[in-house]
$ cat input_2.pdb   # PDB, C-alpha atoms
MODEL        1
ATOM      1  CA  MET A   1     -60.563 -16.151  31.403
ATOM      2  CA  LEU A   2     -59.073 -13.026  29.887
ATOM      3  CA  LEU A   3     -58.243 -10.286  32.350
ATOM      4  CA  PRO A   4     -60.177  -7.092  31.611
ATOM      5  CA  SER A   5     -57.085  -5.401  30.166
ATOM      6  CA  ALA A   6     -56.401  -8.391  27.873
ATOM      7  CA  ARG A   7     -60.051  -8.481  26.752
ATOM      8  CA  ILE A   8     -59.931  -4.765  25.940
ATOM      9  CA  GLY A   9     -56.659  -5.341  24.082
ATOM     10  CA  ALA A  10     -58.229  -8.168  22.070
ATOM     11  CA  THR A  11     -61.316  -6.145  21.141
ATOM     12  CA  GLU A  12     -59.182  -3.149  20.185
ATOM     13  CA  SER A  13     -57.013  -5.397  17.998
ATOM     14  CA  ILE A  14     -60.143  -6.828  16.355
ATOM     15  CA  SER A  15     -61.387  -3.287  15.740
ATOM     16  CA  ARG A  16     -58.074  -2.168  14.223
ATOM     17  CA  VAL A  17     -57.917  -5.106  11.829
ATOM     18  CA  LEU A  18     -61.518  -4.810  10.663
ATOM     19  CA  CYS A  19     -61.417  -1.006  10.324
ATOM     20  CA  ARG A  20     -58.144  -1.140   8.392
ATOM     21  CA  ARG A  21     -59.597  -3.693   5.974
ATOM     22  CA  GLY A  22     -63.022  -2.040   5.773
ATOM     23  CA  GLU A  23     -64.697  -5.304   6.786
ATOM     24  CA  LEU A  24     -67.880  -5.896   8.783
ATOM     25  CA  LEU A  25     -68.549  -8.311  11.659
ATOM     26  CA  SER A  26     -71.666  -9.908  13.118
ATOM     27  CA  VAL A  27     -72.208 -12.188  16.117
ATOM     28  CA  ALA A  28     -74.541 -15.088  16.964
ATOM     29  CA  GLU A  29     -74.703 -16.165  20.597
ATOM     30  CA  THR A  30     -76.603 -18.669  22.675
ATOM     31  CA  SER A  31     -75.306 -19.162  26.212
ATOM     32  CA  ALA A  32     -72.980 -16.137  26.228
ATOM     33  CA  GLY A  33     -76.183 -14.104  26.363
ATOM     34  CA  GLY A  34     -74.924 -11.040  24.491
ATOM     35  CA  LEU A  35     -71.565 -10.691  26.236
ATOM     36  CA  ILE A  36     -69.612 -11.137  22.993
ATOM     37  CA  SER A  37     -71.628  -8.439  21.242
ATOM     38  CA  ALA A  38     -71.417  -6.110  24.243
ATOM     39  CA  SER A  39     -67.628  -6.434  24.388
ATOM     40  CA  LEU A  40     -67.286  -5.577  20.709
ATOM     41  CA  HIS A  41     -69.928  -2.866  20.708
ATOM     42  CA  GLY A  42     -68.388  -1.209  23.748
ATOM     43  CA  ILE A  43     -65.173  -0.115  22.033
ATOM     44  CA  ARG A  44     -64.462   3.009  20.041
ATOM     45  CA  ASP A  45     -65.171   2.745  16.313
ATOM     46  CA  ALA A  46     -67.565  -0.182  16.784
ATOM     47  CA  HIS A  47     -70.033   1.632  14.523
ATOM     48  CA  VAL A  48     -67.506   1.282  11.681
ATOM     49  CA  PHE A  49     -67.255  -2.542  11.731
ATOM     50  CA  PHE A  50     -69.958  -4.015  14.010
ATOM     51  CA  ARG A  51     -72.976  -5.010  11.942
ATOM     52  CA  GLY A  52     -74.970  -6.517  14.821
ATOM     53  CA  GLY A  53     -75.507  -9.418  17.137
ATOM     54  CA  VAL A  54     -78.190 -12.022  17.746
ATOM     55  CA  VAL A  55     -78.856 -13.914  20.971
ATOM     56  CA  CYS A  56     -80.894 -17.029  20.262
ATOM     57  CA  GLY A  57     -81.369 -19.412  23.118
ATOM     58  CA  CYS A  58     -83.955 -21.761  21.643
ATOM     59  CA  ALA A  59     -85.034 -23.357  18.380
ATOM     60  CA  GLU A  60     -87.844 -20.830  17.919
ATOM     61  CA  SER A  61     -85.511 -17.827  18.115
ATOM     62  CA  ARG A  62     -82.966 -19.505  15.813
ATOM     63  CA  ALA A  63     -85.768 -19.971  13.268
ATOM     64  CA  ALA A  64     -87.179 -16.455  13.643
ATOM     65  CA  LEU A  65     -83.905 -14.532  13.777
ATOM     66  CA  LEU A  66     -81.524 -16.616  11.673
ATOM     67  CA  GLY A  67     -83.776 -18.736   9.475
ATOM     68  CA  ILE A  68     -82.425 -21.974  10.941
ATOM     69  CA  HIS A  69     -85.520 -24.176  10.928
ATOM     70  CA  ALA A  70     -84.215 -27.714  10.911
ATOM     71  CA  ARG A  71     -82.575 -29.161  13.974
ATOM     72  CA  SER A  72     -80.068 -30.740  11.635
ATOM     73  CA  LYS A  73     -77.146 -29.901  13.885
ATOM     74  CA  LEU A  74     -76.975 -30.790  17.529
ATOM     75  CA  THR A  75     -76.407 -27.774  19.737
ATOM     76  CA  SER A  76     -73.074 -27.238  21.512
ATOM     77  CA  THR A  77     -71.185 -28.765  18.588
ATOM     78  CA  GLU A  78     -68.728 -27.248  16.131
ATOM     79  CA  ALA A  79     -71.188 -27.964  13.300
ATOM     80  CA  HIS A  80     -73.921 -26.009  15.070
ATOM     81  CA  ALA A  81     -71.598 -23.071  15.820
ATOM     82  CA  LEU A  82     -70.592 -22.989  12.130
ATOM     83  CA  GLU A  83     -74.261 -23.050  11.113
ATOM     84  CA  LEU A  84     -75.006 -20.110  13.435
ATOM     85  CA  ALA A  85     -72.004 -18.137  12.144
ATOM     86  CA  ARG A  86     -72.889 -18.719   8.504
ATOM     87  CA  ALA A  87     -76.528 -17.776   9.095
ATOM     88  CA  VAL A  88     -75.803 -14.508  10.932
ATOM     89  CA  ARG A  89     -73.162 -13.567   8.344
ATOM     90  CA  MET A  90     -75.663 -14.108   5.538
ATOM     91  CA  LYS A  91     -78.549 -12.332   7.327
ATOM     92  CA  THR A  92     -76.466  -9.247   8.149
ATOM     93  CA  GLY A  93     -74.340  -9.090   5.019
ATOM     94  CA  SER A  94     -71.136  -8.988   7.024
ATOM     95  CA  ASP A  95     -67.711 -10.166   5.934
ATOM     96  CA  TRP A  96     -67.043 -12.006   9.195
ATOM     97  CA  ALA A  97     -69.139 -13.718  11.843
ATOM     98  CA  VAL A  98     -68.336 -15.307  15.164
ATOM     99  CA  ALA A  99     -70.757 -17.690  16.861
ATOM    100  CA  GLU A 100     -71.045 -19.471  20.182
ATOM    101  CA  SER A 101     -73.185 -22.463  21.139
ATOM    102  CA  GLY A 102     -72.706 -23.613  24.703
ATOM    103  CA  VAL A 103     -74.201 -24.722  27.984
ATOM    104  CA  ALA A 104     -73.923 -22.088  30.704
ATOM    105  CA  GLY A 105     -75.748 -24.242  33.245
ATOM    106  CA  PRO A 106     -76.108 -24.835  36.053
ATOM    107  CA  SER A 107     -77.898 -27.922  34.751
ATOM    108  CA  PRO A 108     -76.773 -29.941  31.734
ATOM    109  CA  GLY A 109     -78.097 -28.966  28.316
ATOM    110  CA  GLU A 110     -79.636 -31.030  25.557
ATOM    111  CA  ARG A 111     -78.245 -34.552  25.293
ATOM    112  CA  GLY A 112     -76.830 -34.218  28.829
ATOM    113  CA  VAL A 113     -73.982 -31.941  27.760
ATOM    114  CA  GLN A 114     -72.364 -30.615  30.935
ATOM    115  CA  ALA A 115     -72.316 -26.953  31.838
ATOM    116  CA  GLY A 116     -69.148 -25.296  30.593
ATOM    117  CA  VAL A 117     -69.044 -27.054  27.224
ATOM    118  CA  CYS A 118     -69.035 -24.572  24.356
ATOM    119  CA  ALA A 119     -68.525 -24.681  20.600
ATOM    120  CA  LEU A 120     -67.147 -21.602  18.847
ATOM    121  CA  ALA A 121     -66.871 -20.770  15.156
ATOM    122  CA  VAL A 122     -65.644 -17.946  12.960
ATOM    123  CA  VAL A 123     -66.475 -17.671   9.265
ATOM    124  CA  GLY A 124     -65.122 -15.138   6.810
ATOM    125  CA  PRO A 125     -64.429 -14.283   3.191
ATOM    126  CA  ALA A 126     -63.684 -16.929   0.569
ATOM    127  CA  GLY A 127     -65.016 -19.782   2.696
ATOM    128  CA  PHE A 128     -62.624 -19.132   5.581
ATOM    129  CA  LYS A 129     -63.626 -20.948   8.765
ATOM    130  CA  ARG A 130     -62.115 -21.667  12.132
ATOM    131  CA  TYR A 131     -63.728 -23.464  15.066
ATOM    132  CA  ALA A 132     -62.902 -24.655  18.553
ATOM    133  CA  MET A 133     -64.393 -26.365  21.576
ATOM    134  CA  LEU A 134     -64.200 -25.143  25.147
ATOM    135  CA  TRP A 135     -64.511 -27.693  27.923
ATOM    136  CA  PRO A 136     -65.271 -27.191  31.607
ATOM    137  CA  ASP A 137     -62.463 -25.806  33.734
ATOM    138  CA  THR A 138     -59.529 -28.232  33.851
ATOM    139  CA  GLU A 139     -59.294 -27.639  37.599
ATOM    140  CA  LEU A 140     -62.632 -29.333  38.233
ATOM    141  CA  SER A 141     -62.409 -32.475  40.318
ATOM    142  CA  ALA A 142     -63.240 -35.928  38.982
ATOM    143  CA  ALA A 143     -66.566 -35.734  40.823
ATOM    144  CA  ASP A 144     -67.427 -32.563  38.887
ATOM    145  CA  ALA A 145     -66.588 -34.234  35.589
ATOM    146  CA  TYR A 146     -69.067 -37.003  36.372
ATOM    147  CA  GLY A 147     -72.155 -34.890  36.755
ATOM    148  CA  GLN A 148     -71.738 -33.046  40.045
ATOM    149  CA  PRO A 149     -72.465 -29.322  40.033
ATOM    150  CA  PRO A 150     -69.604 -27.342  38.468
ATOM    151  CA  LYS A 151     -67.472 -25.245  40.792
ATOM    152  CA  ILE A 152     -67.703 -22.093  38.705
ATOM    153  CA  GLU A 153     -70.888 -20.074  38.457
ATOM    154  CA  ARG A 154     -73.030 -19.529  35.392
ATOM    155  CA  GLN A 155     -71.823 -15.949  34.894
ATOM    156  CA  GLU A 156     -68.191 -17.113  34.955
ATOM    157  CA  ARG A 157     -68.918 -19.730  32.298
ATOM    158  CA  MET A 158     -70.648 -17.101  30.160
ATOM    159  CA  ALA A 159     -67.580 -14.851  30.478
ATOM    160  CA  HIS A 160     -65.351 -17.819  29.578
ATOM    161  CA  PHE A 161     -67.419 -18.376  26.412
ATOM    162  CA  ARG A 162     -67.107 -14.656  25.537
ATOM    163  CA  ASP A 163     -63.352 -14.661  26.046
ATOM    164  CA  GLY A 164     -62.938 -17.824  23.996
ATOM    165  CA  ALA A 165     -64.942 -16.329  21.145
ATOM    166  CA  LEU A 166     -62.938 -13.086  21.147
ATOM    167  CA  SER A 167     -59.649 -15.013  21.197
ATOM    168  CA  LEU A 168     -60.746 -17.278  18.339
ATOM    169  CA  LEU A 169     -61.943 -14.285  16.307
ATOM    170  CA  LEU A 170     -58.656 -12.428  16.713
ATOM    171  CA  GLU A 171     -56.705 -15.591  15.837
ATOM    172  CA  ALA A 172     -58.854 -16.089  12.719
ATOM    173  CA  LEU A 173     -58.455 -12.482  11.575
ATOM    174  CA  GLU A 174     -54.687 -12.697  12.001
ATOM    175  CA  ALA A 175     -54.507 -16.073  10.212
ATOM    176  CA  HIS A 176     -56.599 -14.781   7.317
ATOM    177  CA  SER A 177     -54.259 -11.830   6.822
ATOM    178  CA  LEU A 178     -51.359 -14.270   6.369
ATOM    179  CA  GLN A 179     -53.063 -16.088   3.484
TER     180      GLN A 179
ENDMDL
END

$ encode --input "input_2.pdb" --output "structure tokens"
Amino acid sequence: MLLPSARIGATESISRVLCRRGELLSVAETSAGGLISASLHGIRDAHVFFRGGVVCGCAESRAALLGIHARSKLTSTEAHALELARAVRMKTGSDWAVAESGVAGPSPGERGVQAGVCALAVVGPAGFKRYAMLWPDTELSAADAYGQPPKIERQERMAHFRDGALSLLLEALEAHSLQ
């Protein structure tokens, strides 16, 4: 997990890049519960680049808010995170979008996916995309990996998802500037 000073540094770097380029950003979240949006919206100049965020924790909210009606993509997968990112980018008219689809727990999600599993995606101009998977804490014991309750709490997993999304977004913005 990013330390608060590192998280602030990451969000400020994201802000600088987007403001300098005059680009807009939107966010789609499931299990992070708005933490990604709050981190971005909480920094100076957010009004210049932050188009908005959507928290959609079920199929009905994905349909109503993002227009994703078919359950064509399984949740907590890279394909689903990409679908969320593309949908929120299109709905908000932003240049960039970051999305998260995970299982905060404490119980497993759909298909028995363990708490702590999270798919992240960033989409941007000219078809740019970047995605990643987060897995439960590597310090978990073998018993935890085989279905026992995770050692970290729900709120810690949510923060881990937020930090992963911010890191992936900053990495994507930096990579795109090198193209």

$ resolve_selection --input "input_2.pdb" --expression "the PyMOL selection byres ((chain A and resi 157) around 10)" --output "PyMOL selection string"
chain A and resi 1+31-32+102-106+115-118+136-137+150+152-156+158-163

$ write_last_selection --input "input_2.pdb" --atoms "C-alpha atoms" --output "PDB file, in the frame of the given file"
ATOM      1  CA  MET A   1     -60.563 -16.151  31.403  1.00  0.00           C
ATOM      2  CA  SER A  31     -75.306 -19.162  26.212  1.00  0.00           C
ATOM      3  CA  ALA A  32     -72.980 -16.137  26.228  1.00  0.00           C
ATOM      4  CA  GLY A 102     -72.706 -23.613  24.703  1.00  0.00           C
ATOM      5  CA  VAL A 103     -74.201 -24.722  27.984  1.00  0.00           C
ATOM      6  CA  ALA A 104     -73.923 -22.088  30.704  1.00  0.00           C
ATOM      7  CA  GLY A 105     -75.748 -24.242  33.245  1.00  0.00           C
ATOM      8  CA  PRO A 106     -76.108 -24.835  36.053  1.00  0.00           C
ATOM      9  CA  ALA A 115     -72.316 -26.953  31.838  1.00  0.00           C
ATOM     10  CA  GLY A 116     -69.148 -25.296  30.593  1.00  0.00           C
ATOM     11  CA  VAL A 117     -69.044 -27.054  27.224  1.00  0.00           C
ATOM     12  CA  CYS A 118     -69.035 -24.572  24.356  1.00  0.00           C
ATOM     13  CA  PRO A 136     -65.271 -27.191  31.607  1.00  0.00           C
ATOM     14  CA  ASP A 137     -62.463 -25.806  33.734  1.00  0.00           C
ATOM     15  CA  PRO A 150     -69.604 -27.342  38.468  1.00  0.00           C
ATOM     16  CA  ILE A 152     -67.703 -22.093  38.705  1.00  0.00           C
ATOM     17  CA  GLU A 153     -70.888 -20.074  38.457  1.00  0.00           C
ATOM     18  CA  ARG A 154     -73.030 -19.529  35.392  1.00  0.00           C
ATOM     19  CA  GLN A 155     -71.823 -15.949  34.894  1.00  0.00           C
ATOM     20  CA  GLU A 156     -68.191 -17.113  34.955  1.00  0.00           C
ATOM     21  CA  MET A 158     -70.648 -17.101  30.160  1.00  0.00           C
ATOM     22  CA  ALA A 159     -67.580 -14.851  30.478  1.00  0.00           C
ATOM     23  CA  HIS A 160     -65.351 -17.819  29.578  1.00  0.00           C
ATOM     24  CA  PHE A 161     -67.419 -18.376  26.412  1.00  0.00           C
ATOM     25  CA  ARG A 162     -67.107 -14.656  25.537  1.00  0.00           C
ATOM     26  CA  ASP A 163     -63.352 -14.661  26.046  1.00  0.00           C
TER      27      ASP A 163
END

$ closest_atom_pairs --input "input_2.pdb" --of "range 72-118 of chain A" --to "range 6-25 of chain A" --cutoff "8 Å" --atoms "all atoms listed in the file" --output "Markdown table"
| residue | atom | partner | partner_atom | distance |
| --- | --- | --- | --- | --- |
| A:Arg89 | CA | A:Leu25 | CA | 7.7 |
| A:Ser94 | CA | A:Leu24 | CA | 4.8 |
| A:Asp95 | CA | A:Leu24 | CA | 5.1 |
| A:Trp96 | CA | A:Leu25 | CA | 4.7 |
| A:Ala97 | CA | A:Leu25 | CA | 5.4 |
| A:Val98 | CA | A:Leu25 | CA | 7.8 |

$ closest_residue --input "input_2.pdb" --among "A:Leu166, A:Val123, A:Leu82, A:Val88" --to "Ala28 in chain A" --atoms "all atoms listed in the file"
A:Val88

$ resolve_selection --input "input_2.pdb" --expression "the PyMOL selection byres ((chain A and resi 129) around 10)" --output "number ranges by chain"
A: 82, 85-86, 96-98, 121-128, 130-131, 172, 176

$ resolve_selection --input "input_2.pdb" --expression "the PyMOL selection byres ((chain A and resi 111) around 10)" --output "ChimeraX atom specification"
/A:74-76,108-110,112-114

$ closest_residue --input "input_2.pdb" --among "A:Ala119, A:Leu40, A:Leu134, A:Val54" --to "Leu170 in chain A" --atoms "all atoms listed in the file"
A:Leu40

$ atom_distance --input "input_2.pdb" --atom1 "CA of His47 in chain A" --atom2 "CA of Glu174 in chain A"
21.1 Å

$ closest_residue --input "input_2.pdb" --among "A:Val27, A:Cys56, A:Ala132, A:Gly42" --to "Ser167 in chain A" --atoms "only C-alpha atoms"
A:Ala132

$ axis_aligned_box --input "input_2.pdb" --around "range 123-131 of chain A" --padding-each-side "8 Å" --output "AutoDock Vina command-line options"
--center_x -64.3 --center_y -18.9 --center_z 7.8 --size_x 20.4 --size_y 25.2 --size_z 30.5

$ atom_distance --input "input_2.pdb" --atom1 "CA of Arg51 in chain A" --atom2 "CA of Thr92 in chain A"
6.7 Å

$ residues_around --input "input_2.pdb" --residues "Glu83 in chain A" --least-positions-apart "3" --cutoff "9 Å" --atoms "only C-alpha atoms" --output "ChimeraX atom specification"
/A:68,73,78-80,86-88,99,121

$ write_last_selection --input "input_2.pdb" --atoms "C-alpha atoms" --output "mmCIF file, in the frame of the given file"
data_model
loop_
_atom_site.group_PDB
_atom_site.id
_atom_site.type_symbol
_atom_site.label_atom_id
_atom_site.label_comp_id
_atom_site.auth_asym_id
_atom_site.auth_seq_id
_atom_site.Cartn_x
_atom_site.Cartn_y
_atom_site.Cartn_z
ATOM 1 C CA ILE A 68 -82.425 -21.974 10.941
ATOM 2 C CA LYS A 73 -77.146 -29.901 13.885
ATOM 3 C CA GLU A 78 -68.728 -27.248 16.131
ATOM 4 C CA ALA A 79 -71.188 -27.964 13.300
ATOM 5 C CA HIS A 80 -73.921 -26.009 15.070
ATOM 6 C CA ARG A 86 -72.889 -18.719 8.504
ATOM 7 C CA ALA A 87 -76.528 -17.776 9.095
ATOM 8 C CA VAL A 88 -75.803 -14.508 10.932
ATOM 9 C CA ALA A 99 -70.757 -17.690 16.861
ATOM 10 C CA ALA A 121 -66.871 -20.770 15.156
#

$ atom_distance --input "input_2.pdb" --atom1 "CA of Met90 in chain A" --atom2 "CA of Trp135 in chain A"
28.5 Å
